[in-house]
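Novice: Structure file target_28.cif (mmCIF, C-alpha atoms and all ligand atoms) is given on the next line.
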```cif
data_my_file
loop_
_atom_site.label_atom_id
_atom_site.label_comp_id
_atom_site.auth_asym_id
_atom_site.auth_seq_id
_atom_site.Cartn_x
_atom_site.Cartn_y
_atom_site.Cartn_z
CA MET A 1 -85.05 -168.05 -48.59
CA THR A 2 -83.00 -166.69 -51.45
CA SER A 3 -81.42 -163.28 -51.01
CA PRO A 4 -82.76 -160.26 -52.94
CA VAL A 5 -79.21 -158.92 -53.19
CA TRP A 6 -77.80 -158.61 -56.71
CA HIS A 7 -74.00 -158.78 -56.49
CA PRO A 8 -71.51 -156.96 -58.76
CA PHE A 9 -69.84 -158.87 -61.61
CA THR A 10 -71.60 -162.00 -60.41
CA GLN A 11 -73.44 -164.56 -62.50
CA HIS A 12 -75.96 -165.67 -59.92
CA ALA A 13 -77.04 -168.63 -62.08
CA LEU A 14 -73.56 -170.14 -61.73
CA MET A 15 -72.46 -169.05 -58.28
CA PRO A 16 -73.35 -170.55 -54.93
CA PRO A 17 -74.57 -168.08 -52.28
CA PRO A 18 -71.52 -166.09 -51.12
CA PRO A 19 -70.03 -166.43 -47.64
CA VAL A 20 -71.19 -163.86 -45.10
CA ILE A 21 -68.25 -161.80 -43.86
CA SER A 22 -68.72 -160.55 -40.34
CA ARG A 23 -65.28 -159.30 -39.33
CA ALA A 24 -61.98 -158.12 -40.78
CA GLU A 25 -58.59 -157.35 -39.33
CA GLY A 26 -55.16 -156.87 -40.89
CA ALA A 27 -54.95 -159.12 -43.94
CA TRP A 28 -57.81 -161.37 -42.80
CA LEU A 29 -61.56 -161.75 -43.23
CA TRP A 30 -63.77 -163.91 -41.02
CA THR A 31 -67.05 -165.48 -42.09
CA ASP A 32 -70.05 -165.68 -39.77
CA LYS A 33 -69.20 -169.37 -39.45
CA GLY A 34 -65.78 -168.49 -38.08
CA ASP A 35 -63.77 -169.46 -41.18
CA LYS A 36 -60.70 -167.31 -41.92
CA ILE A 37 -59.94 -166.02 -45.41
CA LEU A 38 -56.65 -164.34 -46.30
CA ASP A 39 -57.43 -161.19 -48.29
CA ALA A 40 -54.74 -161.50 -51.00
CA ILE A 41 -56.31 -158.86 -53.24
CA SER A 42 -57.02 -156.20 -50.61
CA SER A 43 -60.80 -156.55 -51.03
CA TRP A 44 -60.69 -155.55 -54.71
CA TRP A 45 -57.55 -153.40 -54.45
CA VAL A 46 -58.75 -150.90 -51.86
CA ILE A 47 -57.26 -151.92 -48.50
CA THR A 48 -53.71 -150.57 -48.23
CA HIS A 49 -52.36 -150.74 -44.65
CA GLY A 50 -54.68 -153.56 -43.59
CA HIS A 51 -58.30 -153.92 -42.55
CA ARG A 52 -59.51 -151.73 -39.71
CA HIS A 53 -56.33 -149.76 -39.16
CA PRO A 54 -56.84 -148.38 -35.62
CA ALA A 55 -56.04 -144.76 -36.53
CA ILE A 56 -58.50 -144.76 -39.44
CA MET A 57 -61.24 -146.44 -37.37
CA ALA A 58 -60.70 -143.94 -34.54
CA ALA A 59 -60.88 -141.00 -36.96
CA ILE A 60 -64.21 -142.21 -38.36
CA LYS A 61 -65.63 -142.64 -34.85
CA GLU A 62 -64.40 -139.22 -33.81
CA GLN A 63 -65.90 -137.55 -36.88
CA ALA A 64 -69.21 -139.38 -36.30
CA ASP A 65 -69.47 -137.57 -32.97
CA HIS A 66 -69.41 -134.20 -34.75
CA LEU A 67 -70.45 -134.22 -38.40
CA ASP A 68 -72.11 -136.87 -40.55
CA GLN A 69 -72.80 -135.07 -43.82
CA VAL A 70 -73.11 -131.59 -45.23
CA MET A 71 -73.74 -130.47 -48.79
CA PHE A 72 -70.50 -129.42 -50.42
CA ALA A 73 -71.78 -126.71 -52.78
CA GLY A 74 -71.77 -123.55 -50.70
CA PHE A 75 -70.19 -125.24 -47.66
CA THR A 76 -66.87 -126.75 -46.71
CA HIS A 77 -65.52 -128.62 -43.70
CA GLN A 78 -62.16 -129.02 -42.04
CA ALA A 79 -61.40 -132.60 -43.08
CA ALA A 80 -62.02 -131.75 -46.76
CA GLU A 81 -59.72 -128.72 -46.47
CA ASP A 82 -56.99 -130.67 -44.66
CA VAL A 83 -57.03 -133.56 -47.13
CA ALA A 84 -56.95 -131.24 -50.16
CA HIS A 85 -53.94 -129.40 -48.75
CA ALA A 86 -52.21 -132.68 -47.91
CA LEU A 87 -52.92 -134.14 -51.36
CA VAL A 88 -51.54 -131.10 -53.16
CA LYS A 89 -48.44 -131.37 -50.99
CA ILE A 90 -47.75 -135.05 -51.79
CA ALA A 91 -48.97 -135.17 -55.40
CA PRO A 92 -46.65 -134.52 -58.35
CA LYS A 93 -46.24 -130.77 -58.85
CA PRO A 94 -47.93 -128.60 -60.04
CA LEU A 95 -51.25 -130.37 -59.38
CA ALA A 96 -53.02 -127.64 -57.45
CA HIS A 97 -56.77 -128.29 -57.20
CA VAL A 98 -58.77 -131.16 -55.73
CA PHE A 99 -62.30 -132.16 -56.78
CA TYR A 100 -63.91 -134.80 -54.57
CA SER A 101 -66.24 -137.59 -55.61
CA ASP A 102 -67.23 -141.06 -54.45
CA SER A 103 -65.66 -143.74 -56.63
CA GLY A 104 -62.88 -144.36 -59.10
CA SER A 105 -65.35 -144.37 -61.98
CA THR A 106 -66.67 -141.00 -60.94
CA ALA A 107 -63.16 -139.61 -60.50
CA VAL A 108 -62.46 -140.56 -64.13
CA GLU A 109 -65.80 -139.16 -65.33
CA VAL A 110 -64.89 -135.92 -63.58
CA ALA A 111 -61.48 -135.95 -65.29
CA LEU A 112 -63.09 -136.39 -68.72
CA LYS A 113 -65.53 -133.57 -68.01
CA MET A 114 -62.70 -131.32 -66.80
CA ALA A 115 -60.78 -132.00 -70.01
CA LEU A 116 -63.72 -131.24 -72.29
CA GLY A 117 -64.63 -128.18 -70.21
CA TYR A 118 -61.06 -126.93 -70.45
CA TRP A 119 -61.12 -127.01 -74.24
CA ARG A 120 -64.61 -125.61 -74.59
CA ASN A 121 -64.02 -122.75 -72.18
CA ASN A 122 -60.79 -121.92 -73.99
CA GLY A 123 -62.73 -121.68 -77.24
CA LYS A 124 -60.94 -124.64 -78.83
CA PRO A 125 -63.40 -127.46 -79.11
CA ARG A 126 -61.11 -130.49 -78.95
CA ARG A 127 -63.24 -133.51 -78.11
CA ARG A 128 -61.33 -136.70 -78.83
CA ILE A 129 -60.29 -138.90 -75.91
CA ILE A 130 -57.38 -141.27 -76.52
CA ALA A 131 -57.12 -144.42 -74.43
CA LEU A 132 -54.90 -147.49 -74.27
CA GLU A 133 -55.84 -150.87 -75.64
CA HIS A 134 -56.87 -153.18 -72.70
CA ALA A 135 -57.66 -150.12 -70.54
CA TYR A 136 -60.11 -150.22 -67.65
CA HIS A 137 -61.39 -146.99 -66.15
CA GLY A 138 -64.67 -148.01 -64.52
CA ASP A 139 -68.16 -149.26 -65.27
CA THR A 140 -70.15 -146.09 -65.88
CA ILE A 141 -71.11 -145.23 -69.46
CA GLY A 142 -68.31 -142.68 -69.87
CA THR A 143 -65.57 -144.80 -68.33
CA MET A 144 -66.71 -147.90 -70.24
CA SER A 145 -66.45 -145.81 -73.41
CA ALA A 146 -62.81 -145.07 -72.65
CA GLY A 147 -62.13 -148.64 -71.55
CA ALA A 148 -61.55 -151.73 -73.65
CA ARG A 149 -64.56 -153.16 -75.43
CA GLY A 150 -65.59 -156.76 -74.89
CA VAL A 151 -68.17 -159.09 -73.47
CA PHE A 152 -68.36 -156.91 -70.35
CA ASN A 153 -69.85 -153.96 -72.19
CA ALA A 154 -71.24 -155.42 -75.44
CA ALA A 155 -74.85 -154.84 -74.37
CA TYR A 156 -74.21 -151.15 -73.71
CA GLU A 157 -72.25 -150.50 -76.89
CA PRO A 158 -75.01 -148.27 -78.38
CA LEU A 159 -74.59 -145.87 -75.45
CA LEU A 160 -70.80 -145.63 -75.56
CA PHE A 161 -68.88 -142.77 -77.17
CA GLU A 162 -66.01 -143.43 -79.56
CA ALA A 163 -62.58 -143.21 -77.97
CA ALA A 164 -59.44 -143.29 -80.10
CA ARG A 165 -57.36 -146.30 -79.14
CA ILE A 166 -53.60 -146.75 -79.16
CA PRO A 167 -51.83 -150.12 -78.78
CA PHE A 168 -50.63 -151.24 -75.36
CA PRO A 169 -46.86 -150.56 -75.27
CA GLU A 170 -45.90 -154.21 -75.59
CA SER A 171 -42.19 -154.86 -75.09
CA GLY A 172 -40.49 -154.60 -78.47
CA ARG A 173 -43.47 -152.85 -80.06
CA GLU A 174 -43.32 -149.56 -78.19
CA ASP A 175 -42.90 -147.61 -81.43
CA GLU A 176 -46.39 -148.59 -82.54
CA THR A 177 -47.87 -147.02 -79.42
CA LEU A 178 -45.87 -143.84 -79.79
CA LYS A 179 -46.55 -143.49 -83.52
CA ALA A 180 -50.29 -143.97 -83.00
CA LEU A 181 -50.29 -141.38 -80.23
CA GLU A 182 -48.23 -138.97 -82.32
CA ALA A 183 -50.86 -139.20 -85.09
CA LEU A 184 -53.84 -138.71 -82.75
CA ALA A 185 -52.54 -136.17 -80.22
CA PRO A 186 -52.59 -132.97 -82.35
CA ASP A 187 -56.36 -132.58 -82.13
CA ALA A 188 -57.09 -134.71 -79.08
CA ALA A 189 -58.63 -133.33 -75.89
CA ALA A 190 -56.77 -135.78 -73.69
CA LEU A 191 -54.93 -139.06 -73.35
CA LEU A 192 -56.27 -141.18 -70.48
CA VAL A 193 -53.90 -143.84 -69.09
CA GLU A 194 -53.39 -146.21 -66.21
CA PRO A 195 -49.74 -145.48 -65.38
CA LEU A 196 -47.26 -148.42 -65.39
CA ILE A 197 -49.84 -151.19 -65.00
CA LEU A 198 -53.21 -151.90 -66.58
CA GLY A 199 -55.24 -153.47 -63.79
CA ALA A 200 -58.50 -155.08 -64.81
CA GLY A 201 -57.15 -155.43 -68.36
CA GLY A 202 -54.88 -158.21 -67.11
CA MET A 203 -52.20 -156.71 -64.83
CA LYS A 204 -50.18 -155.69 -67.87
CA ILE A 205 -47.01 -153.86 -66.88
CA TYR A 206 -45.06 -151.34 -68.97
CA PRO A 207 -41.95 -149.31 -68.14
CA PRO A 208 -41.80 -145.72 -66.80
CA GLU A 209 -39.90 -144.66 -69.93
CA MET A 210 -43.02 -145.32 -72.03
CA LEU A 211 -45.13 -143.23 -69.68
CA ARG A 212 -42.56 -140.44 -69.98
CA GLN A 213 -42.61 -140.58 -73.77
CA MET A 214 -46.42 -140.62 -73.96
CA LYS A 215 -46.50 -137.57 -71.71
CA ALA A 216 -43.90 -135.81 -73.89
CA ILE A 217 -45.97 -136.38 -77.03
CA CYS A 218 -49.11 -135.04 -75.34
CA GLU A 219 -47.22 -132.01 -74.13
CA ARG A 220 -45.82 -131.31 -77.59
CA HIS A 221 -49.30 -131.34 -79.09
CA GLY A 222 -51.17 -129.67 -76.24
CA ALA A 223 -53.30 -132.74 -75.48
CA LEU A 224 -54.08 -133.09 -71.79
CA PHE A 225 -52.60 -136.06 -69.96
CA ILE A 226 -54.95 -137.81 -67.53
CA ALA A 227 -53.43 -140.37 -65.17
CA ASP A 228 -55.92 -142.86 -63.76
CA GLU A 229 -54.12 -143.71 -60.50
CA VAL A 230 -57.27 -145.21 -58.98
CA MET A 231 -55.55 -148.58 -58.56
CA THR A 232 -51.86 -147.57 -58.66
CA GLY A 233 -52.15 -144.72 -56.17
CA PHE A 234 -51.07 -145.05 -52.54
CA GLY A 235 -48.07 -147.26 -52.98
CA ARG A 236 -49.16 -150.23 -55.06
CA THR A 237 -46.40 -149.89 -57.66
CA GLY A 238 -43.69 -149.13 -55.11
CA THR A 239 -44.01 -145.34 -55.06
CA LEU A 240 -46.84 -143.26 -53.63
CA PHE A 241 -48.08 -142.58 -57.16
CA ALA A 242 -46.98 -144.52 -60.25
CA CYS A 243 -46.38 -141.29 -62.24
CA GLN A 244 -43.52 -140.45 -59.89
CA GLN A 245 -41.45 -143.33 -61.29
CA ALA A 246 -41.55 -141.62 -64.67
CA GLY A 247 -40.90 -138.21 -63.14
CA ILE A 248 -43.98 -136.79 -64.83
CA THR A 249 -46.89 -134.68 -63.67
CA PRO A 250 -50.23 -135.38 -65.30
CA ASP A 251 -52.56 -132.47 -66.04
CA ILE A 252 -55.29 -134.42 -64.29
CA MET A 253 -54.89 -137.27 -61.81
CA CYS A 254 -57.62 -139.59 -60.51
CA ILE A 255 -57.32 -141.33 -57.15
CA ALA A 256 -59.79 -143.39 -55.16
CA LYS A 257 -59.30 -146.93 -53.84
CA GLY A 258 -56.50 -146.39 -51.30
CA LEU A 259 -57.40 -142.78 -50.49
CA THR A 260 -59.14 -143.73 -47.24
CA GLY A 261 -56.86 -146.72 -46.73
CA GLY A 262 -59.79 -148.59 -48.27
CA ALA A 263 -62.17 -148.04 -45.36
CA LEU A 264 -64.78 -145.79 -46.98
CA PRO A 265 -65.70 -144.81 -50.54
CA LEU A 266 -63.97 -141.60 -51.57
CA ALA A 267 -62.29 -140.34 -54.71
CA ALA A 268 -60.51 -137.22 -55.85
CA THR A 269 -59.61 -135.72 -59.21
CA LEU A 270 -56.59 -133.44 -59.00
CA CYS A 271 -55.78 -130.92 -61.70
CA THR A 272 -53.30 -128.20 -62.58
CA ALA A 273 -54.06 -124.48 -62.44
CA PRO A 274 -54.82 -124.08 -66.17
CA ILE A 275 -57.67 -126.62 -65.93
CA PHE A 276 -59.19 -124.89 -62.90
CA ASP A 277 -58.58 -121.46 -64.39
CA ALA A 278 -60.44 -122.41 -67.57
CA HIS A 279 -63.51 -122.85 -65.37
CA TYR A 280 -62.86 -119.72 -63.26
CA SER A 281 -64.97 -116.97 -64.71
CA THR A 282 -67.70 -114.45 -63.96
CA ASP A 283 -69.55 -116.20 -66.78
CA ARG A 284 -71.64 -118.82 -65.02
CA ALA A 285 -71.72 -120.95 -68.17
CA ALA A 286 -68.02 -121.70 -67.58
CA THR A 287 -68.76 -123.34 -64.19
CA PHE A 288 -67.63 -126.92 -63.69
CA PHE A 289 -71.04 -128.55 -63.64
CA HIS A 290 -70.57 -131.67 -61.59
CA SER A 291 -71.81 -132.81 -58.20
CA SER A 292 -73.05 -135.82 -56.35
CA SER A 293 -75.11 -135.86 -53.16
CA PHE A 294 -72.25 -137.14 -51.04
CA THR A 295 -69.40 -135.08 -52.49
CA ALA A 296 -66.71 -134.86 -49.78
CA ASN A 297 -68.64 -136.83 -47.15
CA PRO A 298 -67.08 -135.85 -43.80
CA LEU A 299 -66.75 -139.43 -42.48
CA ALA A 300 -64.89 -140.49 -45.62
CA LEU A 301 -62.70 -137.38 -45.49
CA ALA A 302 -61.87 -138.05 -41.84
CA ALA A 303 -60.74 -141.53 -42.89
CA ALA A 304 -58.66 -140.04 -45.72
CA ARG A 305 -57.08 -137.52 -43.35
CA ALA A 306 -56.12 -140.32 -40.97
CA ASN A 307 -54.73 -142.31 -43.91
CA LEU A 308 -52.59 -139.39 -45.08
CA LYS A 309 -51.37 -138.95 -41.52
CA ILE A 310 -50.24 -142.58 -41.53
CA TRP A 311 -48.32 -141.95 -44.76
CA ALA A 312 -46.74 -138.85 -43.22
CA SER A 313 -45.85 -140.30 -39.81
CA GLU A 314 -45.07 -143.97 -40.45
CA ASP A 315 -42.45 -145.39 -42.80
CA VAL A 316 -44.98 -146.84 -45.22
CA ALA A 317 -42.46 -146.52 -48.05
CA ALA A 318 -40.08 -148.90 -46.25
CA ARG A 319 -42.93 -151.34 -45.61
CA ILE A 320 -43.79 -151.29 -49.30
CA THR A 321 -40.18 -151.87 -50.31
CA ALA A 322 -39.96 -154.78 -47.88
CA LEU A 323 -43.23 -156.22 -49.20
CA GLY A 324 -41.89 -155.93 -52.74
CA ALA A 325 -38.82 -157.94 -51.75
CA MET A 326 -40.96 -160.55 -49.99
CA GLN A 327 -43.18 -160.81 -53.06
CA GLU A 328 -40.11 -161.23 -55.29
CA LYS A 329 -38.88 -164.09 -53.11
CA ALA A 330 -42.26 -165.82 -52.95
CA LEU A 331 -42.58 -165.53 -56.70
CA ALA A 332 -39.14 -166.96 -57.52
CA PRO A 333 -40.14 -170.66 -57.69
CA PHE A 334 -42.84 -169.81 -60.25
CA LEU A 335 -40.24 -168.43 -62.67
CA LYS A 336 -39.00 -172.01 -63.09
CA ASP A 337 -42.45 -173.59 -63.14
CA ALA A 338 -43.42 -174.51 -66.72
CA ARG A 339 -47.11 -174.43 -65.83
CA PHE A 340 -46.92 -170.63 -65.55
CA GLU A 341 -45.85 -167.85 -67.88
CA ASN A 342 -45.27 -164.08 -67.77
CA VAL A 343 -44.28 -164.20 -64.11
CA ARG A 344 -43.97 -160.53 -63.19
CA ARG A 345 -43.96 -157.95 -60.42
CA ILE A 346 -44.25 -154.21 -60.00
CA GLY A 347 -43.92 -152.84 -56.47
CA THR A 348 -46.28 -154.76 -54.21
CA ILE A 349 -48.20 -156.43 -57.07
CA THR A 350 -47.34 -159.77 -58.67
CA ALA A 351 -49.08 -161.53 -61.55
CA LEU A 352 -48.62 -164.69 -63.58
CA GLU A 353 -50.58 -166.65 -66.14
CA LEU A 354 -51.61 -170.19 -65.44
CA LYS A 355 -51.30 -172.16 -68.67
CA VAL A 356 -54.72 -173.69 -69.25
CA PRO A 357 -56.21 -175.02 -72.47
CA ASP A 358 -58.95 -172.38 -72.58
CA PRO A 359 -58.00 -169.11 -70.93
CA GLY A 360 -61.24 -167.25 -71.70
CA TYR A 361 -62.81 -165.59 -68.68
CA LEU A 362 -66.23 -167.04 -69.49
CA ALA A 363 -64.86 -170.51 -70.18
CA GLY A 364 -65.91 -171.49 -66.70
CA ARG A 365 -62.45 -171.98 -65.25
CA GLY A 366 -62.25 -168.50 -63.76
CA PRO A 367 -64.98 -168.86 -61.14
CA GLU A 368 -63.91 -172.46 -60.56
CA LEU A 369 -60.33 -171.34 -59.96
CA THR A 370 -61.50 -168.61 -57.58
CA ALA A 371 -63.60 -171.14 -55.65
CA PHE A 372 -60.67 -173.57 -55.49
CA LEU A 373 -58.40 -170.90 -53.98
CA GLN A 374 -61.07 -169.72 -51.56
CA ALA A 375 -61.57 -173.29 -50.36
CA ARG A 376 -57.90 -173.10 -49.33
CA GLY A 377 -58.59 -170.00 -47.26
CA VAL A 378 -57.20 -167.48 -49.76
CA LEU A 379 -59.17 -164.73 -51.47
CA LEU A 380 -57.83 -164.38 -55.01
CA ARG A 381 -59.95 -163.47 -58.01
CA PRO A 382 -58.02 -164.32 -61.19
CA LEU A 383 -58.71 -162.34 -64.35
CA GLY A 384 -59.26 -165.27 -66.70
CA ASN A 385 -56.09 -167.32 -66.26
CA THR A 386 -54.15 -164.34 -64.91
CA ILE A 387 -53.56 -164.86 -61.21
CA TYR A 388 -52.40 -161.79 -59.34
CA VAL A 389 -51.51 -161.04 -55.74
CA MET A 390 -52.17 -157.53 -54.43
CA PRO A 391 -52.11 -157.86 -50.65
CA PRO A 392 -52.50 -155.20 -47.97
CA TYR A 393 -49.11 -153.87 -46.85
CA CYS A 394 -49.36 -155.53 -43.43
CA VAL A 395 -49.15 -159.03 -44.94
CA THR A 396 -46.36 -161.21 -43.53
CA ALA A 397 -43.96 -163.62 -45.27
CA ASP A 398 -45.85 -166.54 -43.69
CA GLU A 399 -49.13 -165.23 -45.04
CA LEU A 400 -47.58 -164.81 -48.50
CA ALA A 401 -46.42 -168.44 -48.28
CA LEU A 402 -50.05 -169.44 -47.74
CA ILE A 403 -51.13 -167.44 -50.79
CA TYR A 404 -48.47 -168.88 -53.10
CA GLY A 405 -49.06 -172.35 -51.68
CA ALA A 406 -52.67 -172.08 -52.79
CA ILE A 407 -51.56 -170.90 -56.25
CA ALA A 408 -49.20 -173.87 -56.58
CA ALA A 409 -52.03 -176.18 -55.52
CA ALA A 410 -54.24 -174.59 -58.17
CA ALA A 411 -51.60 -175.42 -60.80
CA ASP A 412 -51.56 -179.05 -59.60
CA HIS A 413 -55.31 -179.15 -60.01
CA PHE A 414 -55.94 -177.11 -63.18
CA ALA A 415 -52.79 -177.10 -65.32
C1 LIG A 501 -61.14 -149.82 -59.93
C2 LIG A 501 -60.71 -148.88 -60.99
C3 LIG A 501 -61.56 -147.86 -61.43
C4 LIG A 501 -62.98 -147.72 -60.95
O1 LIG A 501 -63.06 -147.45 -59.59
P1 LIG A 501 -64.42 -147.75 -58.80
O2 LIG A 501 -64.20 -147.18 -57.45
O3 LIG A 501 -64.59 -149.24 -58.79
O4 LIG A 501 -65.50 -147.06 -59.56
C5 LIG A 501 -61.07 -146.95 -62.35
N1 LIG A 501 -59.83 -147.05 -62.83
C6 LIG A 501 -58.99 -148.02 -62.44
C7 LIG A 501 -57.60 -148.05 -62.99
C8 LIG A 501 -59.40 -148.98 -61.51
O5 LIG A 501 -58.58 -149.96 -61.16
#
```
Kindly present the structure from the file in structure tokens form.

Specialist:
Amino acid sequence: MTSPVWHPFTQHALMPPPPVISRAEGAWLWTDKGDKILDAISSWWVITHGHRHPAIMAAIKEQADHLDQVMFAGFTHQAAEDVAHALVKIAPKPLAHVFYSDSGSTAVEVALKMALGYWRNNGKPRRRIIALEHAYHGDTIGTMSAGARGVFNAAYEPLLFEAARIPFPESGREDETLKALEALAPDAAALLVEPLILGAGGMKIYPPEMLRQMKAICERHGALFIADEVMTGFGRTGTLFACQQAGITPDIMCIAKGLTGGALPLAATLCTAPIFDAHYSTDRAATFFHSSSFTANPLALAAARANLKIWASEDVAARITALGAMQEKALAPFLKDARFENVRRIGTITALELKVPDPGYLAGRGPELTAFLQARGVLLRPLGNTIYVMPPYCVTADELALIYGAIAAAADHFA
């Protein structure tokens, strides 16, 4: 019997039925047949410390004994309060308010709505959103509008709003990015960026100095600066948040994936006082009109609270630094391997391009490459010919050796 399940980003006509995963622990997944798969991409970038971290699992169980769900308009609960306080404490200052939602896409939608609301409520109707070339901010209509256009959203083009686009700050061509931003910023509502690394757009890395300069231009022209830290947040780039490496504070910051350590869906959009204050009024029309049924779900917030406790009580920063060094070492042989190019790393993430005759995502090699790696017990999901490794922080040097061994084998087979 074929399954009625329709999987995300999956061409069912070309894919065999997926393995059934029945258990996870640390950096590993187990299928119902007992096969082990090394989770080299943290189950789509969400798992930070490792699967089923005991403290996070215990917190979810404990919360389940008391509170499953409560509507969040007109009510609050302790875990939501604790996490908001903790986030404000660890986030770049002066981010001061926390709006909860359920996914990275929603966190970005909320950010866009906050930005437009800010301008409208201040009586200055700036509307333009500026985004980076190759950006990815989610798969909802609004976030697709801000993201790069391509085969992934061609069918929905009629529904998308126009975003102003500035070039990716390619090394040696940074001036083009800054000039384009300088021209657009004076009447823009906001610039939306993935700080330091563009994820789904191909793991494209750019230096903190560029982030700093983009922020400075926005500040000079009053355009809001929205940092989409959905992927970069919670240590991926080597610091808790990527913005910290540039020493900047965004006006609005979106976080999601690693917020619960990856255990449950939860997102948050943080903002500075002026954004909140623009919506603070006895005029009900100035209200921030956004909600979803499961805003601040108590089980997810309990997981987030446990995650933040891990960050506060364990030396996660040292673990991340050590992982970065291990990644650097594992990557070294590939720098000399002519079958690869653009071998790069930021924090815990590495990426490299396998030189193939036809690098297009839909050229058929992508899924084939993924299947090849999975057959070797490693979960990697290359973006076209871009192979990247984004493991949970508990991964060991031996496990990394397995991952890079599979990548080398893929080069023997495909390149
Ligand atoms: C994954 C991602 C999103 C979307 O998050 P979802 O939880 O999948 O909706 C948004 N922005 C960035 C940078 C991401 O990597």

Novice: Give me the residues within 12 Å of Ser3 in chain A as a list in words, counting all atoms listed in the file and dropping any in the same chain fewer than 5 places off.

Specialist: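 So, after excluding close chain neighbours, the residues are His12, Pro16, Pro17, Pro18 and Val20 of chain A.
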
Novice: Let me make sure I understand: among A:Ala375, A:Ile255, A:Val5, A:Ala185, which one has the smallest atom-to-atom distance to Ala304 in chain A if we use only C-alpha atoms?

Specialist: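 Among A:Ala375, A:Ile255, A:Val5, A:Ala185, it is A:Ile255 that comes nearest to Ala304 in chain A.
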
Novice: For ligand LIG 501 (chain A), collect every residue having any atom at a distance of at most 6 Å from a ligand atom (counting all atoms listed in the file); output as a PyMOL selection string.

Specialist: chain A and resi 103-105+136-138+194+199+228+230-231

Novice: Would you please work out which residue, of A:Ala285, A:Leu264, A:Leu369, A:Ile320, is nearest to Arg381 in chain A when using all atoms listed in the file?

Specialist: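 Going through A:Ala285, A:Leu264, A:Leu369, A:Ile320 one by one, the smallest distance to Arg381 in chain A is for A:Leu369.
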
Novice: May I ask for the distance between CA of Leu240 in chain A and CA of Glu25 in chain A, given in Å to one decimal place?

Specialist: 23.3 Å

Novice: Using only C-alpha atoms, which residues sit within 12 Å of Val88 in chain A once same-chain residues fewer than 6 positions away are excluded, as a list in words?

Specialist: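 Using only C-alpha atoms, the neighbours found are Glu81, Asp82, Pro94, Leu95, Ala96, His97, Val98, Phe99, Met253, Ala268, Thr269, Leu270, Cys271, Thr272, Ala273 and Leu308 of chain A.
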
Novice: Output the selection as a tab-separated table (two decimals), keeping the file's coordinate frame - C-alpha atoms for each residue.

Specialist:
```
chain	number	residue	atom	x	y	z
A	81	GLU	CA	-59.72	-128.72	-46.47
A	82	ASP	CA	-56.99	-130.67	-44.66
A	94	PRO	CA	-47.93	-128.60	-60.04
A	95	LEU	CA	-51.25	-130.37	-59.38
A	96	ALA	CA	-53.02	-127.64	-57.45
A	97	HIS	CA	-56.77	-128.29	-57.20
A	98	VAL	CA	-58.77	-131.16	-55.73
A	99	PHE	CA	-62.30	-132.16	-56.78
A	253	MET	CA	-54.89	-137.27	-61.81
A	268	ALA	CA	-60.51	-137.22	-55.85
A	269	THR	CA	-59.61	-135.72	-59.21
A	270	LEU	CA	-56.59	-133.44	-59.00
A	271	CYS	CA	-55.78	-130.92	-61.70
A	272	THR	CA	-53.30	-128.20	-62.58
A	273	ALA	CA	-54.06	-124.48	-62.44
A	308	LEU	CA	-52.59	-139.39	-45.08
```

Novice: From the list A:Tyr388, A:Tyr156, A:Phe340, A:Phe294, which residue is nearest Val70 in chain A when using all atoms listed in the file?

Specialist: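 Looking only at the distances to Val70 in chain A, the closest residue turns out to be A:Phe294.
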
Novice: Excluding Thr350 in chain A and its own-chain neighbours fewer than 2 positions away, which residues fall within 9 Å of it when counting only C-alpha atoms? Please give them as a list in words.

Specialist: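 Returned residues: Met203, Gly324, Gln327, Glu328, Leu331, Val343, Arg344, Arg345, Ile346, Gly347, Thr348, Leu352, Ile387, Tyr388, Val389 and Met390 of chain A.
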
Novice: Return the single residue from A:Leu383, A:Ala401, A:Ala263, A:Ala406 that is closest to Ala330 in chain A, with distances computed using all atoms listed in the file.

Specialist: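 Checking each candidate against Ala330 in chain A, we get A:Ala401 as the closest.
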
Novice: Using all atoms listed in the file, find the one residue out of A:Glu174, A:Asp283, A:Asp65, A:Asp32 that sits nearest to Leu211 in chain A.

Specialist: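 Among A:Glu174, A:Asp283, A:Asp65, A:Asp32, it is A:Glu174 that comes nearest to Leu211 in chain A.
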
Novice: CA of Trp119 in chain A and CA of Lys179 in chain A are how many Å apart?

Specialist: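 Value for the CA of Trp119 in chain A-CA of Lys179 in chain A distance: 23.9 Å.
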
Novice: Which of these residues is nearest to Trp45 in chain A, using all atoms listed in the file: A:Val395, A:Ala200, A:Ala111, A:Ala246?

Specialist: A:Ala200
